[in-house]
file my_file-v1.cif (mmCIF, C-alpha atoms)
data_final
#
loop_
_atom_site.group_PDB
_atom_site.id
_atom_site.type_symbol
_atom_site.label_atom_id
_atom_site.label_comp_id
_atom_site.auth_asym_id
_atom_site.auth_seq_id
_atom_site.Cartn_x
_atom_site.Cartn_y
_atom_site.Cartn_z
ATOM 1 C CA MET A 1 127.270 111.736 95.005
ATOM 2 C CA ASN A 2 126.512 109.233 97.720
ATOM 3 C CA LEU A 3 123.884 106.533 97.822
ATOM 4 C CA VAL A 4 121.696 108.404 100.306
ATOM 5 C CA LYS A 5 121.437 111.388 97.960
ATOM 6 C CA ILE A 6 120.681 109.160 94.990
ATOM 7 C CA PHE A 7 117.978 107.370 97.006
ATOM 8 C CA ARG A 8 116.391 110.688 97.853
ATOM 9 C CA LEU A 9 116.536 112.003 94.306
ATOM 10 C CA THR A 10 114.875 108.848 92.995
ATOM 11 C CA LEU A 11 112.268 108.764 95.750
ATOM 12 C CA ALA A 12 111.451 112.430 95.203
ATOM 13 C CA ALA A 13 110.615 111.634 91.579
ATOM 14 C CA ALA A 14 108.248 108.911 92.755
ATOM 15 C CA LEU A 15 106.399 110.935 95.385
ATOM 16 C CA LEU A 16 103.595 111.905 93.051
ATOM 17 C CA THR A 17 102.591 108.264 92.913
ATOM 18 C CA ALA A 18 103.956 106.925 96.192
ATOM 19 C CA GLY A 19 102.957 109.924 98.281
ATOM 20 C CA THR A 20 99.211 110.267 97.589
ATOM 21 C CA LEU A 21 96.399 107.830 96.921
ATOM 22 C CA ALA A 22 93.252 108.571 94.959
ATOM 23 C CA ALA A 23 90.083 108.278 97.031
ATOM 24 C CA THR A 24 87.474 105.714 96.010
ATOM 25 C CA SER A 25 83.888 106.826 95.481
ATOM 26 C CA ALA A 26 82.928 105.323 98.853
ATOM 27 C CA GLN A 27 85.758 107.082 100.624
ATOM 28 C CA ALA A 28 84.762 110.345 98.991
ATOM 29 C CA GLN A 29 81.525 110.264 100.999
ATOM 30 C CA ALA A 30 83.287 109.287 104.240
ATOM 31 C CA PRO A 31 85.171 111.647 106.584
ATOM 32 C CA LEU A 32 88.609 112.527 105.270
ATOM 33 C CA LYS A 33 91.294 110.289 106.757
ATOM 34 C CA ILE A 34 94.915 111.132 106.136
ATOM 35 C CA GLY A 35 97.882 108.866 106.798
ATOM 36 C CA TYR A 36 101.591 109.255 106.276
ATOM 37 C CA THR A 37 104.652 107.050 105.971
ATOM 38 C CA ASP A 38 108.391 107.566 105.987
ATOM 39 C CA VAL A 39 109.314 106.043 102.636
ATOM 40 C CA GLN A 40 113.025 105.891 103.422
ATOM 41 C CA TYR A 41 112.352 104.205 106.791
ATOM 42 C CA VAL A 42 110.310 101.479 105.100
ATOM 43 C CA LEU A 43 112.668 101.088 102.158
ATOM 44 C CA ALA A 44 115.687 100.727 104.458
ATOM 45 C CA GLN A 45 114.093 97.665 106.112
ATOM 46 C CA MET A 46 113.083 95.921 102.910
ATOM 47 C CA PRO A 47 115.435 93.036 102.035
ATOM 48 C CA GLU A 48 115.793 94.451 98.536
ATOM 49 C CA SER A 49 117.625 97.470 99.967
ATOM 50 C CA LYS A 50 120.781 95.533 100.853
ATOM 51 C CA GLN A 51 120.911 93.895 97.430
ATOM 52 C CA ILE A 52 120.464 97.261 95.716
ATOM 53 C CA GLU A 53 123.356 98.728 97.681
ATOM 54 C CA SER A 54 125.529 95.695 96.925
ATOM 55 C CA ASP A 55 124.764 95.838 93.201
ATOM 56 C CA LEU A 56 125.470 99.565 93.093
ATOM 57 C CA LYS A 57 128.841 99.122 94.778
ATOM 58 C CA ALA A 58 129.776 96.381 92.312
ATOM 59 C CA TYR A 59 128.722 98.520 89.355
ATOM 60 C CA ASN A 60 130.599 101.520 90.713
ATOM 61 C CA SER A 61 133.731 99.383 91.125
ATOM 62 C CA GLN A 62 133.548 98.477 87.440
ATOM 63 C CA LEU A 63 133.342 102.131 86.466
ATOM 64 C CA GLU A 64 136.239 103.040 88.739
ATOM 65 C CA GLY A 65 138.318 100.235 87.241
ATOM 66 C CA GLN A 66 137.714 101.538 83.735
ATOM 67 C CA LEU A 67 138.602 105.054 84.825
ATOM 68 C CA ARG A 68 141.846 103.900 86.456
ATOM 69 C CA SER A 69 142.761 102.026 83.291
ATOM 70 C CA LYS A 70 142.194 105.073 81.081
ATOM 71 C CA SER A 71 144.127 107.323 83.468
ATOM 72 C CA GLY A 72 146.973 104.813 83.599
ATOM 73 C CA GLU A 73 147.238 104.807 79.819
ATOM 74 C CA LEU A 74 147.473 108.596 79.768
ATOM 75 C CA GLU A 75 150.116 108.639 82.502
ATOM 76 C CA ALA A 76 152.203 106.079 80.613
ATOM 77 C CA LYS A 77 151.915 108.146 77.429
ATOM 78 C CA TYR A 78 153.031 111.266 79.265
ATOM 79 C CA LYS A 79 156.040 109.575 80.874
ATOM 80 C CA ALA A 80 157.129 108.203 77.506
ATOM 81 C CA TYR A 81 156.733 111.676 76.026
ATOM 82 C CA GLN A 82 158.899 113.230 78.730
ATOM 83 C CA GLN A 83 161.630 110.644 78.230
ATOM 84 C CA GLY A 84 161.785 111.096 74.465
ATOM 85 C CA GLU A 85 160.917 114.776 74.173
ATOM 86 C CA ALA A 86 164.543 115.909 73.729
ATOM 87 C CA THR A 87 164.961 113.831 70.569
ATOM 88 C CA MET A 88 161.558 114.559 69.010
ATOM 89 C CA THR A 89 161.012 116.894 66.126
ATOM 90 C CA ASP A 90 158.448 119.673 66.536
ATOM 91 C CA ILE A 91 156.006 117.780 64.324
ATOM 92 C CA VAL A 92 156.273 114.624 66.434
ATOM 93 C CA LYS A 93 155.911 116.648 69.645
ATOM 94 C CA ALA A 94 152.763 118.339 68.372
ATOM 95 C CA ASP A 95 151.325 114.974 67.351
ATOM 96 C CA LYS A 96 152.039 113.428 70.765
ATOM 97 C CA GLN A 97 150.602 116.427 72.576
ATOM 98 C CA LYS A 98 147.411 116.286 70.503
ATOM 99 C CA GLU A 99 147.061 112.581 71.248
ATOM 100 C CA MET A 100 147.369 113.179 74.988
ATOM 101 C CA GLN A 101 144.918 116.089 74.864
ATOM 102 C CA ASN A 102 142.356 113.832 73.198
ATOM 103 C CA MET A 103 142.926 111.143 75.836
ATOM 104 C CA GLN A 104 142.469 113.677 78.623
ATOM 105 C CA GLN A 105 139.192 114.891 77.110
ATOM 106 C CA SER A 106 138.049 111.289 76.747
ATOM 107 C CA ILE A 107 138.662 110.687 80.465
ATOM 108 C CA GLN A 108 136.635 113.756 81.403
ATOM 109 C CA GLU A 109 133.773 112.659 79.160
ATOM 110 C CA PHE A 110 133.906 109.166 80.652
ATOM 111 C CA GLN A 111 133.581 110.575 84.168
ATOM 112 C CA ARG A 112 130.470 112.556 83.230
ATOM 113 C CA SER A 113 128.997 109.529 81.511
ATOM 114 C CA ALA A 114 129.792 107.325 84.526
ATOM 115 C CA GLU A 115 127.916 109.642 86.882
ATOM 116 C CA GLN A 116 124.828 109.516 84.675
ATOM 117 C CA SER A 117 125.147 105.768 84.247
ATOM 118 C CA LEU A 118 125.336 105.236 88.012
ATOM 119 C CA GLN A 119 122.164 107.244 88.547
ATOM 120 C CA GLN A 120 120.355 105.306 85.817
ATOM 121 C CA LYS A 121 121.503 102.037 87.377
ATOM 122 C CA GLN A 122 120.177 103.224 90.745
ATOM 123 C CA GLN A 123 116.781 104.035 89.265
ATOM 124 C CA THR A 124 116.602 100.679 87.490
ATOM 125 C CA LEU A 125 117.464 98.761 90.662
ATOM 126 C CA LEU A 126 115.053 100.775 92.804
ATOM 127 C CA LYS A 127 112.010 100.491 90.529
ATOM 128 C CA PRO A 128 110.896 96.975 91.587
ATOM 129 C CA ALA A 129 111.228 97.915 95.283
ATOM 130 C CA LEU A 130 109.310 101.165 94.788
ATOM 131 C CA ASP A 131 106.592 99.357 92.817
ATOM 132 C CA LYS A 132 106.270 96.817 95.634
ATOM 133 C CA LEU A 133 106.119 99.604 98.212
ATOM 134 C CA GLN A 134 103.456 101.466 96.210
ATOM 135 C CA LYS A 135 101.324 98.330 95.924
ATOM 136 C CA ASN A 136 101.423 97.712 99.666
ATOM 137 C CA ILE A 137 100.723 101.357 100.482
ATOM 138 C CA ASP A 138 97.604 101.101 98.320
ATOM 139 C CA VAL A 139 96.463 97.927 100.115
ATOM 140 C CA VAL A 140 97.119 99.298 103.620
ATOM 141 C CA ALA A 141 95.344 102.564 102.790
ATOM 142 C CA GLU A 142 92.280 100.777 101.456
ATOM 143 C CA GLU A 143 92.134 98.317 104.356
ATOM 144 C CA ASN A 144 92.411 101.087 106.951
ATOM 145 C CA GLY A 145 90.235 103.685 105.279
ATOM 146 C CA PHE A 146 92.926 106.263 104.507
ATOM 147 C CA THR A 147 91.858 108.734 101.852
ATOM 148 C CA TYR A 148 95.339 110.140 101.339
ATOM 149 C CA VAL A 149 98.829 109.022 102.379
ATOM 150 C CA PHE A 150 101.747 111.404 102.352
ATOM 151 C CA ASN A 151 105.474 110.859 102.552
ATOM 152 C CA SER A 152 107.050 112.152 105.798
ATOM 153 C CA ASP A 153 110.658 111.394 104.840
ATOM 154 C CA GLY A 154 112.778 114.002 106.577
ATOM 155 C CA GLY A 155 115.393 114.051 103.814
ATOM 156 C CA GLY A 156 115.170 116.718 101.180
ATOM 157 C CA SER A 157 111.769 118.429 101.165
ATOM 158 C CA PRO A 158 109.201 116.490 103.213
ATOM 159 C CA LEU A 159 105.592 116.708 102.042
ATOM 160 C CA LEU A 160 104.291 116.594 105.600
ATOM 161 C CA LEU A 161 105.398 118.978 108.323
ATOM 162 C CA HIS A 162 103.057 117.980 111.154
ATOM 163 C CA ALA A 163 100.845 114.981 111.868
ATOM 164 C CA PRO A 164 99.669 112.891 114.838
ATOM 165 C CA LYS A 165 101.618 109.690 115.502
ATOM 166 C CA GLU A 166 98.518 107.543 115.006
ATOM 167 C CA GLY A 167 98.491 108.520 111.349
ATOM 168 C CA ASP A 168 101.844 106.830 110.671
ATOM 169 C CA ILE A 169 101.211 103.639 108.695
ATOM 170 C CA SER A 170 104.889 102.774 108.123
ATOM 171 C CA ASP A 171 104.830 99.736 110.427
ATOM 172 C CA LEU A 172 101.561 98.538 108.895
ATOM 173 C CA VAL A 173 103.156 98.629 105.448
ATOM 174 C CA LEU A 174 106.170 96.678 106.744
ATOM 175 C CA LYS A 175 103.904 94.049 108.319
ATOM 176 C CA LYS A 176 101.937 93.793 105.074
ATOM 177 C CA MET A 177 105.208 92.837 103.372
ATOM 178 C CA GLY A 178 105.981 90.292 106.085
ATOM 179 C CA ILE A 179 108.707 92.431 107.669
ATOM 180 C CA THR A 180 108.904 92.856 111.437
ATOM 181 C CA PRO A 181 109.137 96.590 112.143
ATOM 182 C CA GLY A 182 112.199 97.771 114.002
ATOM 183 C CA ALA A 183 114.700 100.545 114.138
ATOM 184 C CA ALA A 184 115.650 101.266 110.565
ATOM 185 C CA ALA A 185 119.283 100.453 109.946
ATOM 186 C CA PRO A 186 121.070 103.621 108.902
ATOM 187 C CA ILE A 187 121.692 103.705 105.205
ATOM 188 C CA LYS A 188 125.419 103.831 104.677
ATOM 189 C CA SER A 189 126.893 106.238 102.220
ATOM 190 C CA GLY A 190 126.965 104.477 98.913
ATOM 191 C CA PRO A 191 129.666 104.475 96.287
ATOM 192 C CA ALA A 192 130.444 107.852 94.914
ATOM 193 C CA ALA A 193 130.523 108.250 91.195
ATOM 194 C CA PRO A 194 134.032 107.615 89.924
ATOM 195 C CA ALA A 195 136.211 110.638 90.465
ATOM 196 C CA ALA A 196 138.396 111.685 87.622
ATOM 197 C CA ALA A 197 141.928 110.576 88.289
ATOM 198 C CA ALA A 198 144.226 113.503 87.733
ATOM 199 C CA PRO A 199 146.384 112.879 84.676
ATOM 200 C CA ALA A 200 150.111 113.265 84.983
ATOM 201 C CA ALA A 201 149.915 116.640 83.276
ATOM 202 C CA PRO A 202 147.656 118.455 80.840
ATOM 203 C CA VAL A 203 149.177 118.961 77.442
ATOM 204 C CA ASN A 204 149.264 122.282 75.647
ATOM 205 C CA SER A 205 150.058 123.115 72.068
ATOM 206 C CA LYS A 206 153.573 124.330 72.838
ATOM 207 C CA THR A 207 156.660 122.184 72.563
ATOM 208 C CA LYS A 208 157.090 122.046 76.343
ATOM 209 C CA THR A 209 154.527 120.827 78.819
ATOM 210 C CA LYS A 210 153.704 122.275 82.220
ATOM 211 C CA THR A 211 152.445 120.339 85.176
ATOM 212 C CA LYS A 212 148.950 121.487 86.155
ATOM 213 C CA LYS A 213 148.711 122.710 89.774
#
call {"tool": "encode", "arguments": {"input": "my_file-v1.cif", "output": "C-alpha coordinates"}}
result
Amino acid sequence: MNLVKIFRLTLAAALLTAGTLAATSAQAQAPLKIGYTDVQYVLAQMPESKQIESDLKAYNSQLEGQLRSKSGELEAKYKAYQQGEATMTDIVKADKQKEMQNMQQSIQEFQRSAEQSLQQKQQTLLKPALDKLQKNIDVVAEENGFTYVFNSDGGGSPLLLHAPKEGDISDLVLKKMGITPGAAAPIKSGPAAPAAAAPAAPVNSKTKTKTKK
(Lines of atoms letter the chains of each structure in order from A and count residues from 1; the text may use other names and numbers.)
(Lines give C-alpha, C1' and ligand atoms only; values in the text may rest on other atoms or scores of the structure.)
Protein backbone atom coordinates (compact mmCIF):
# COMPACT_ATOMS: atom_id res chain seq x y z
CA MET A 1 0.00 0.00 0.00
CA ASN A 2 1.61 3.23 -1.10
CA LEU A 3 1.49 6.63 0.52
CA VAL A 4 -0.87 8.07 -2.09
CA LYS A 5 -3.47 5.39 -1.35
CA ILE A 6 -3.11 5.89 2.39
CA PHE A 7 -3.52 9.66 1.94
CA ARG A 8 -6.70 9.09 -0.01
CA LEU A 9 -8.13 6.61 2.47
CA THR A 10 -7.50 9.01 5.34
CA LEU A 11 -8.83 12.02 3.46
CA ALA A 12 -11.95 10.11 2.43
CA ALA A 13 -12.71 9.51 6.10
CA ALA A 14 -12.42 13.23 6.75
CA LEU A 15 -14.61 14.42 3.88
CA LEU A 16 -17.73 14.64 5.99
CA THR A 17 -16.08 17.43 7.94
CA ALA A 18 -13.59 18.81 5.43
CA GLY A 19 -15.91 18.61 2.44
CA THR A 20 -18.99 20.56 3.58
CA LEU A 21 -19.56 23.58 5.78
CA ALA A 22 -22.71 24.33 7.74
CA ALA A 23 -24.43 27.53 6.64
CA THR A 24 -24.84 30.33 9.18
CA SER A 25 -28.28 31.79 9.80
CA ALA A 26 -27.36 34.84 7.71
CA GLN A 27 -26.12 32.72 4.85
CA ALA A 28 -29.31 30.68 4.98
CA GLN A 29 -31.24 33.77 3.86
CA ALA A 30 -28.70 34.65 1.15
CA PRO A 31 -28.44 33.05 -2.31
CA LEU A 32 -26.76 29.66 -2.20
CA LYS A 33 -23.06 29.90 -2.98
CA ILE A 34 -21.09 26.73 -3.48
CA GLY A 35 -17.31 26.43 -3.58
CA TYR A 36 -14.96 23.51 -3.99
CA THR A 37 -11.34 22.68 -3.29
CA ASP A 38 -8.95 19.91 -4.22
CA VAL A 39 -7.90 18.71 -0.78
CA GLN A 40 -4.95 16.71 -2.08
CA TYR A 41 -3.70 19.68 -4.14
CA VAL A 42 -3.71 21.91 -1.05
CA LEU A 43 -2.28 19.26 1.26
CA ALA A 44 0.59 18.52 -1.14
CA GLN A 45 1.75 22.16 -0.91
CA MET A 46 1.56 22.43 2.86
CA PRO A 47 5.01 22.22 4.50
CA GLU A 48 3.69 19.56 6.84
CA SER A 49 3.30 17.18 3.89
CA LYS A 50 7.04 16.66 3.41
CA GLN A 51 7.58 16.02 7.12
CA ILE A 52 4.71 13.52 7.18
CA GLU A 53 6.22 11.61 4.26
CA SER A 54 9.66 11.66 5.90
CA ASP A 55 8.31 10.40 9.22
CA LEU A 56 6.35 7.65 7.50
CA LYS A 57 9.41 6.45 5.61
CA ALA A 58 11.44 6.37 8.83
CA TYR A 59 8.71 4.44 10.64
CA ASN A 60 8.35 2.01 7.75
CA SER A 61 12.12 1.42 7.78
CA GLN A 62 11.89 0.42 11.44
CA LEU A 63 9.15 -2.08 10.68
CA GLU A 64 11.09 -3.51 7.75
CA GLY A 65 14.17 -3.87 9.94
CA GLN A 66 12.22 -5.84 12.52
CA LEU A 67 10.75 -8.05 9.82
CA ARG A 68 14.18 -8.76 8.32
CA SER A 69 15.49 -9.66 11.76
CA LYS A 70 12.65 -12.11 12.42
CA SER A 71 13.03 -13.67 8.96
CA GLY A 72 16.78 -13.98 9.45
CA GLU A 73 16.27 -15.85 12.71
CA LEU A 74 13.93 -18.31 11.00
CA GLU A 75 16.34 -18.84 8.10
CA ALA A 76 19.20 -19.53 10.53
CA LYS A 77 17.03 -22.02 12.42
CA TYR A 78 16.13 -23.81 9.21
CA LYS A 79 19.74 -24.05 8.01
CA ALA A 80 20.80 -25.46 11.37
CA TYR A 81 17.95 -27.95 11.17
CA GLN A 82 19.01 -29.10 7.70
CA GLN A 83 22.61 -29.57 8.81
CA GLY A 84 21.72 -31.64 11.86
CA GLU A 85 18.61 -33.41 10.61
CA ALA A 86 20.42 -36.69 9.82
CA THR A 87 21.50 -37.14 13.44
CA MET A 88 18.25 -36.03 15.10
CA THR A 89 15.77 -38.38 16.66
CA ASP A 90 12.15 -38.17 15.52
CA ILE A 91 11.20 -36.42 18.75
CA VAL A 92 13.87 -33.75 18.29
CA LYS A 93 12.88 -33.28 14.64
CA ALA A 94 9.23 -32.79 15.57
CA ASP A 95 10.21 -30.28 18.24
CA LYS A 96 12.39 -28.28 15.83
CA GLN A 97 9.71 -28.32 13.16
CA LYS A 98 7.09 -27.07 15.62
CA GLU A 99 9.41 -24.27 16.71
CA MET A 100 9.94 -23.15 13.12
CA GLN A 101 6.22 -23.34 12.36
CA ASN A 102 5.52 -21.04 15.31
CA MET A 103 8.21 -18.61 14.12
CA GLN A 104 6.72 -18.58 10.62
CA GLN A 105 3.25 -17.83 12.00
CA SER A 106 4.73 -15.07 14.15
CA ILE A 107 6.27 -13.44 11.07
CA GLN A 108 2.94 -13.52 9.23
CA GLU A 109 1.16 -11.99 12.21
CA PHE A 110 3.84 -9.30 12.47
CA GLN A 111 3.33 -8.35 8.82
CA ARG A 112 -0.42 -7.91 9.32
CA SER A 113 0.18 -5.89 12.46
CA ALA A 114 2.78 -3.73 10.68
CA GLU A 115 0.33 -2.83 7.92
CA GLN A 116 -2.25 -1.71 10.47
CA SER A 117 0.37 0.14 12.48
CA LEU A 118 1.56 2.03 9.40
CA GLN A 119 -1.97 3.16 8.61
CA GLN A 120 -2.52 4.29 12.20
CA LYS A 121 0.76 6.20 12.10
CA GLN A 122 -0.36 7.88 8.87
CA GLN A 123 -3.64 8.96 10.42
CA THR A 124 -1.90 10.30 13.52
CA LEU A 125 0.59 12.32 11.46
CA LEU A 126 -2.09 13.66 9.13
CA LYS A 127 -4.55 14.81 11.80
CA PRO A 128 -2.85 18.14 12.67
CA ALA A 129 -2.53 19.02 8.96
CA LEU A 130 -6.16 18.11 8.28
CA ASP A 131 -7.32 20.10 11.31
CA LYS A 132 -5.35 23.11 10.06
CA LEU A 133 -6.82 22.70 6.58
CA GLN A 134 -10.36 22.43 7.98
CA LYS A 135 -9.90 25.59 10.04
CA ASN A 136 -8.72 27.59 7.03
CA ILE A 137 -11.48 26.22 4.80
CA ASP A 138 -13.99 27.46 7.38
CA VAL A 139 -12.39 30.93 7.46
CA VAL A 140 -12.16 31.25 3.66
CA ALA A 141 -15.76 30.09 3.23
CA GLU A 142 -17.06 32.58 5.77
CA GLU A 143 -15.01 35.46 4.38
CA ASN A 144 -16.14 34.79 0.81
CA GLY A 145 -19.75 33.90 1.49
CA PHE A 146 -19.64 30.23 0.51
CA THR A 147 -22.54 28.25 1.90
CA TYR A 148 -21.03 24.88 1.08
CA VAL A 149 -17.55 23.72 0.03
CA PHE A 150 -17.00 20.35 -1.56
CA ASN A 151 -13.89 18.31 -2.18
CA SER A 152 -12.98 17.95 -5.88
CA ASP A 153 -10.03 15.60 -5.37
CA GLY A 154 -9.88 13.41 -8.45
CA GLY A 155 -8.53 10.41 -6.55
CA GLY A 156 -10.94 7.77 -5.41
CA SER A 157 -14.55 8.98 -5.55
CA PRO A 158 -14.76 12.76 -5.98
CA LEU A 159 -17.75 14.48 -4.40
CA LEU A 160 -17.96 17.01 -7.21
CA LEU A 161 -18.21 16.08 -10.87
CA HIS A 162 -18.73 19.50 -12.46
CA ALA A 163 -18.23 23.08 -11.32
CA PRO A 164 -17.15 26.45 -12.75
CA LYS A 165 -13.50 27.39 -12.24
CA GLU A 166 -14.44 30.50 -10.27
CA GLY A 167 -15.79 28.29 -7.51
CA ASP A 168 -12.36 26.78 -6.77
CA ILE A 169 -11.09 28.23 -3.49
CA SER A 170 -7.94 26.07 -3.28
CA ASP A 171 -5.55 28.97 -3.90
CA LEU A 172 -7.43 31.16 -1.42
CA VAL A 173 -6.98 28.50 1.25
CA LEU A 174 -3.25 28.27 0.45
CA LYS A 175 -2.88 32.05 0.68
CA LYS A 176 -4.75 32.04 3.99
CA MET A 177 -2.05 29.69 5.30
CA GLY A 178 0.69 31.93 3.94
CA ILE A 179 1.57 29.56 1.09
CA THR A 180 2.14 30.88 -2.43
CA PRO A 181 -0.02 28.79 -4.77
CA GLY A 182 1.78 26.90 -7.49
CA ALA A 183 1.80 23.65 -9.33
CA ALA A 184 1.35 20.97 -6.71
CA ALA A 185 4.41 18.79 -6.47
CA PRO A 186 3.43 15.23 -7.32
CA ILE A 187 3.14 13.11 -4.25
CA LYS A 188 5.67 10.33 -4.53
CA SER A 189 4.70 6.81 -3.74
CA GLY A 190 5.29 6.33 -0.07
CA PRO A 191 6.77 3.36 1.72
CA ALA A 192 4.85 0.20 1.25
CA ALA A 193 3.95 -1.77 4.30
CA PRO A 194 6.69 -4.27 5.05
CA ALA A 195 6.39 -7.28 2.81
CA ALA A 196 6.76 -10.64 4.42
CA ALA A 197 10.19 -12.00 3.69
CA ALA A 198 9.83 -15.53 2.43
CA PRO A 199 11.24 -17.95 4.98
CA ALA A 200 13.76 -20.51 3.85
CA ALA A 201 11.07 -23.17 3.85
CA PRO A 202 7.77 -23.87 5.57
CA VAL A 203 7.91 -26.71 8.03
CA ASN A 204 5.45 -29.58 8.08
CA SER A 205 4.81 -32.21 10.68
CA LYS A 206 6.71 -34.92 8.81
CA THR A 207 10.32 -35.79 9.45
CA LYS A 208 11.44 -34.28 6.14
CA THR A 209 10.84 -30.74 5.00
CA LYS A 210 9.92 -29.54 1.53
CA THR A 211 10.83 -26.21 0.05
CA LYS A 212 7.71 -24.16 -0.68
CA LYS A 213 7.41 -23.10 -4.34
call {"tool": "atom_distance", "arguments": {"input": "my_file-v1.cif", "atom1": "CA of Gln104 (chain A)", "atom2": "CA of Leu74 (chain A)"}}
result
7.2 Å
call {"tool": "closest_residue", "arguments": {"input": "my_file-v1.cif", "among": "A:Lys79, A:Ser106, A:Arg112, A:Met177", "to": "Lys132 (chain A)", "atoms": "all atoms listed in the file"}}
result
A:Met177
call {"tool": "closest_residue", "arguments": {"input": "my_file-v1.cif", "among": "A:Thr87, A:Ile137, A:Glu143, A:Lys33", "to": "Asp171 (chain A)", "atoms": "only C-alpha atoms"}}
result
A:Ile137
call {"tool": "atom_distance", "arguments": {"input": "my_file-v1.cif", "atom1": "CA of Gly35 (chain A)", "atom2": "CA of Pro164 (chain A)"}}
result
9.2 Å
call {"tool": "residues_around", "arguments": {"input": "my_file-v1.cif", "residues": "Asp168 (chain A)", "least_positions_apart": "3", "cutoff": "9 Å", "atoms": "only C-alpha atoms", "output": "ChimeraX atom specification"}}
result
/A:35-38,152,163-165,171-172
call {"tool": "closest_residue", "arguments": {"input": "my_file-v1.cif", "among": "A:Gln66, A:Gln111, A:Ser170, A:Thr147", "to": "Leu133 (chain A)", "atoms": "all atoms listed in the file"}}
result
A:Ser170
call {"tool": "closest_residue", "arguments": {"input": "my_file-v1.cif", "among": "A:Met103, A:Ala80, A:Val149, A:Leu174", "to": "Val42 (chain A)", "atoms": "only C-alpha atoms"}}
result
A:Leu174
call {"tool": "atom_distance", "arguments": {"input": "my_file-v1.cif", "atom1": "CA of Glu73 (chain A)", "atom2": "CA of Lys96 (chain A)"}}
result
13.4 Å
call {"tool": "closest_residue", "arguments": {"input": "my_file-v1.cif", "among": "A:Ser71, A:Ser54, A:Ser113, A:Ser49", "to": "Lys127 (chain A)", "atoms": "only C-alpha atoms"}}
result
A:Ser49
call {"tool": "closest_residue", "arguments": {"input": "my_file-v1.cif", "among": "A:Val173, A:Met88, A:Ile52, A:Ile107", "to": "Gly72 (chain A)", "atoms": "only C-alpha atoms"}}
result
A:Ile107
call {"tool": "resolve_selection", "arguments": {"input": "my_file-v1.cif", "expression": "the PyMOL selection byres ((chain A and resi 114) around 10)", "output": "list in words"}}
result
Asn60, Leu63, Glu64, Gln66, Leu67, Gln108, Glu109, Phe110, Gln111, Arg112, Ser113, Glu115, Gln116, Ser117, Leu118, Gln119, Gln120, Ala193, Pro194 and Ala195 of chain A
call {"tool": "decode", "arguments": {"input": "my_file-v1.cif", "residues": "region 34-46 of chain A", "atoms": "all heavy atoms", "output": "short mmCIF file (atom, residue, chain, number, x, y, z; two decimals), in the first residue's frame"}}
result
data_model
loop_
_atom_site.label_atom_id
_atom_site.label_comp_id
_atom_site.auth_asym_id
_atom_site.auth_seq_id
_atom_site.Cartn_x
_atom_site.Cartn_y
_atom_site.Cartn_z
N ILE A 34 -21.83 27.97 -3.67
CA ILE A 34 -21.09 26.73 -3.48
C ILE A 34 -19.66 26.87 -3.99
O ILE A 34 -19.43 27.39 -5.07
CB ILE A 34 -21.77 25.55 -4.22
CG1 ILE A 34 -23.17 25.33 -3.65
CG2 ILE A 34 -20.95 24.28 -4.11
CD1 ILE A 34 -23.97 24.26 -4.36
N GLY A 35 -18.71 26.41 -3.18
CA GLY A 35 -17.31 26.43 -3.58
C GLY A 35 -16.75 25.01 -3.50
O GLY A 35 -17.38 24.12 -2.93
N TYR A 36 -15.60 24.82 -4.06
CA TYR A 36 -14.96 23.51 -3.99
C TYR A 36 -13.46 23.68 -3.90
O TYR A 36 -12.91 24.72 -4.25
CB TYR A 36 -15.34 22.63 -5.18
CG TYR A 36 -14.85 23.14 -6.52
CD1 TYR A 36 -13.63 22.71 -7.05
CD2 TYR A 36 -15.61 24.03 -7.26
CE1 TYR A 36 -13.18 23.17 -8.28
CE2 TYR A 36 -15.17 24.50 -8.50
CZ TYR A 36 -13.96 24.07 -9.01
OH TYR A 36 -13.51 24.53 -10.22
N THR A 37 -12.79 22.66 -3.39
CA THR A 37 -11.34 22.68 -3.29
C THR A 37 -10.79 21.27 -3.49
O THR A 37 -11.46 20.30 -3.15
CB THR A 37 -10.88 23.22 -1.91
OG1 THR A 37 -9.45 23.25 -1.87
CG2 THR A 37 -11.40 22.36 -0.78
N ASP A 38 -9.63 21.19 -4.06
CA ASP A 38 -8.95 19.91 -4.22
C ASP A 38 -8.09 19.71 -2.98
O ASP A 38 -7.02 20.30 -2.84
CB ASP A 38 -8.07 19.94 -5.48
CG ASP A 38 -7.45 18.58 -5.79
OD1 ASP A 38 -7.19 17.82 -4.83
OD2 ASP A 38 -7.19 18.31 -6.97
N VAL A 39 -8.57 18.89 -2.06
CA VAL A 39 -7.90 18.71 -0.78
C VAL A 39 -6.48 18.20 -0.97
O VAL A 39 -5.54 18.66 -0.30
CB VAL A 39 -8.71 17.74 0.12
CG1 VAL A 39 -7.93 17.42 1.39
CG2 VAL A 39 -10.05 18.35 0.47
N GLN A 40 -6.28 17.27 -1.89
CA GLN A 40 -4.95 16.71 -2.08
C GLN A 40 -3.99 17.75 -2.66
O GLN A 40 -2.81 17.77 -2.33
CB GLN A 40 -5.02 15.48 -3.00
CG GLN A 40 -3.71 14.72 -3.08
CD GLN A 40 -3.86 13.35 -3.71
OE1 GLN A 40 -4.85 12.67 -3.48
NE2 GLN A 40 -2.91 12.96 -4.52
N TYR A 41 -4.51 18.60 -3.55
CA TYR A 41 -3.70 19.68 -4.14
C TYR A 41 -3.19 20.62 -3.05
O TYR A 41 -2.02 21.00 -3.02
CB TYR A 41 -4.55 20.43 -5.16
CG TYR A 41 -4.05 21.80 -5.54
CD1 TYR A 41 -2.97 21.96 -6.42
CD2 TYR A 41 -4.66 22.96 -5.03
CE1 TYR A 41 -2.52 23.23 -6.78
CE2 TYR A 41 -4.20 24.22 -5.39
CZ TYR A 41 -3.14 24.34 -6.27
OH TYR A 41 -2.69 25.60 -6.61
N VAL A 42 -4.09 21.00 -2.14
CA VAL A 42 -3.71 21.91 -1.05
C VAL A 42 -2.75 21.21 -0.09
O VAL A 42 -1.72 21.76 0.30
CB VAL A 42 -4.95 22.42 -0.30
CG1 VAL A 42 -4.54 23.29 0.88
CG2 VAL A 42 -5.86 23.20 -1.24
N LEU A 43 -3.10 19.99 0.30
CA LEU A 43 -2.28 19.26 1.26
C LEU A 43 -0.87 19.04 0.74
O LEU A 43 0.10 19.11 1.51
CB LEU A 43 -2.94 17.92 1.58
CG LEU A 43 -2.35 17.11 2.73
CD1 LEU A 43 -2.49 17.87 4.04
CD2 LEU A 43 -3.03 15.75 2.84
N ALA A 44 -0.73 18.78 -0.56
CA ALA A 44 0.59 18.52 -1.14
C ALA A 44 1.51 19.72 -1.04
O ALA A 44 2.74 19.57 -1.03
CB ALA A 44 0.44 18.10 -2.61
N GLN A 45 0.94 20.94 -0.96
CA GLN A 45 1.75 22.16 -0.91
C GLN A 45 1.99 22.66 0.52
O GLN A 45 2.77 23.59 0.73
CB GLN A 45 1.09 23.27 -1.74
CG GLN A 45 1.02 22.92 -3.21
CD GLN A 45 0.52 24.07 -4.05
OE1 GLN A 45 1.20 25.09 -4.19
NE2 GLN A 45 -0.67 23.93 -4.59
N MET A 46 1.33 22.05 1.47
CA MET A 46 1.56 22.43 2.86
C MET A 46 2.92 21.88 3.32
O MET A 46 3.28 20.75 3.00
CB MET A 46 0.44 21.89 3.75
CG MET A 46 -0.92 22.52 3.48
SD MET A 46 -2.28 21.74 4.40
CE MET A 46 -1.81 22.11 6.10
#
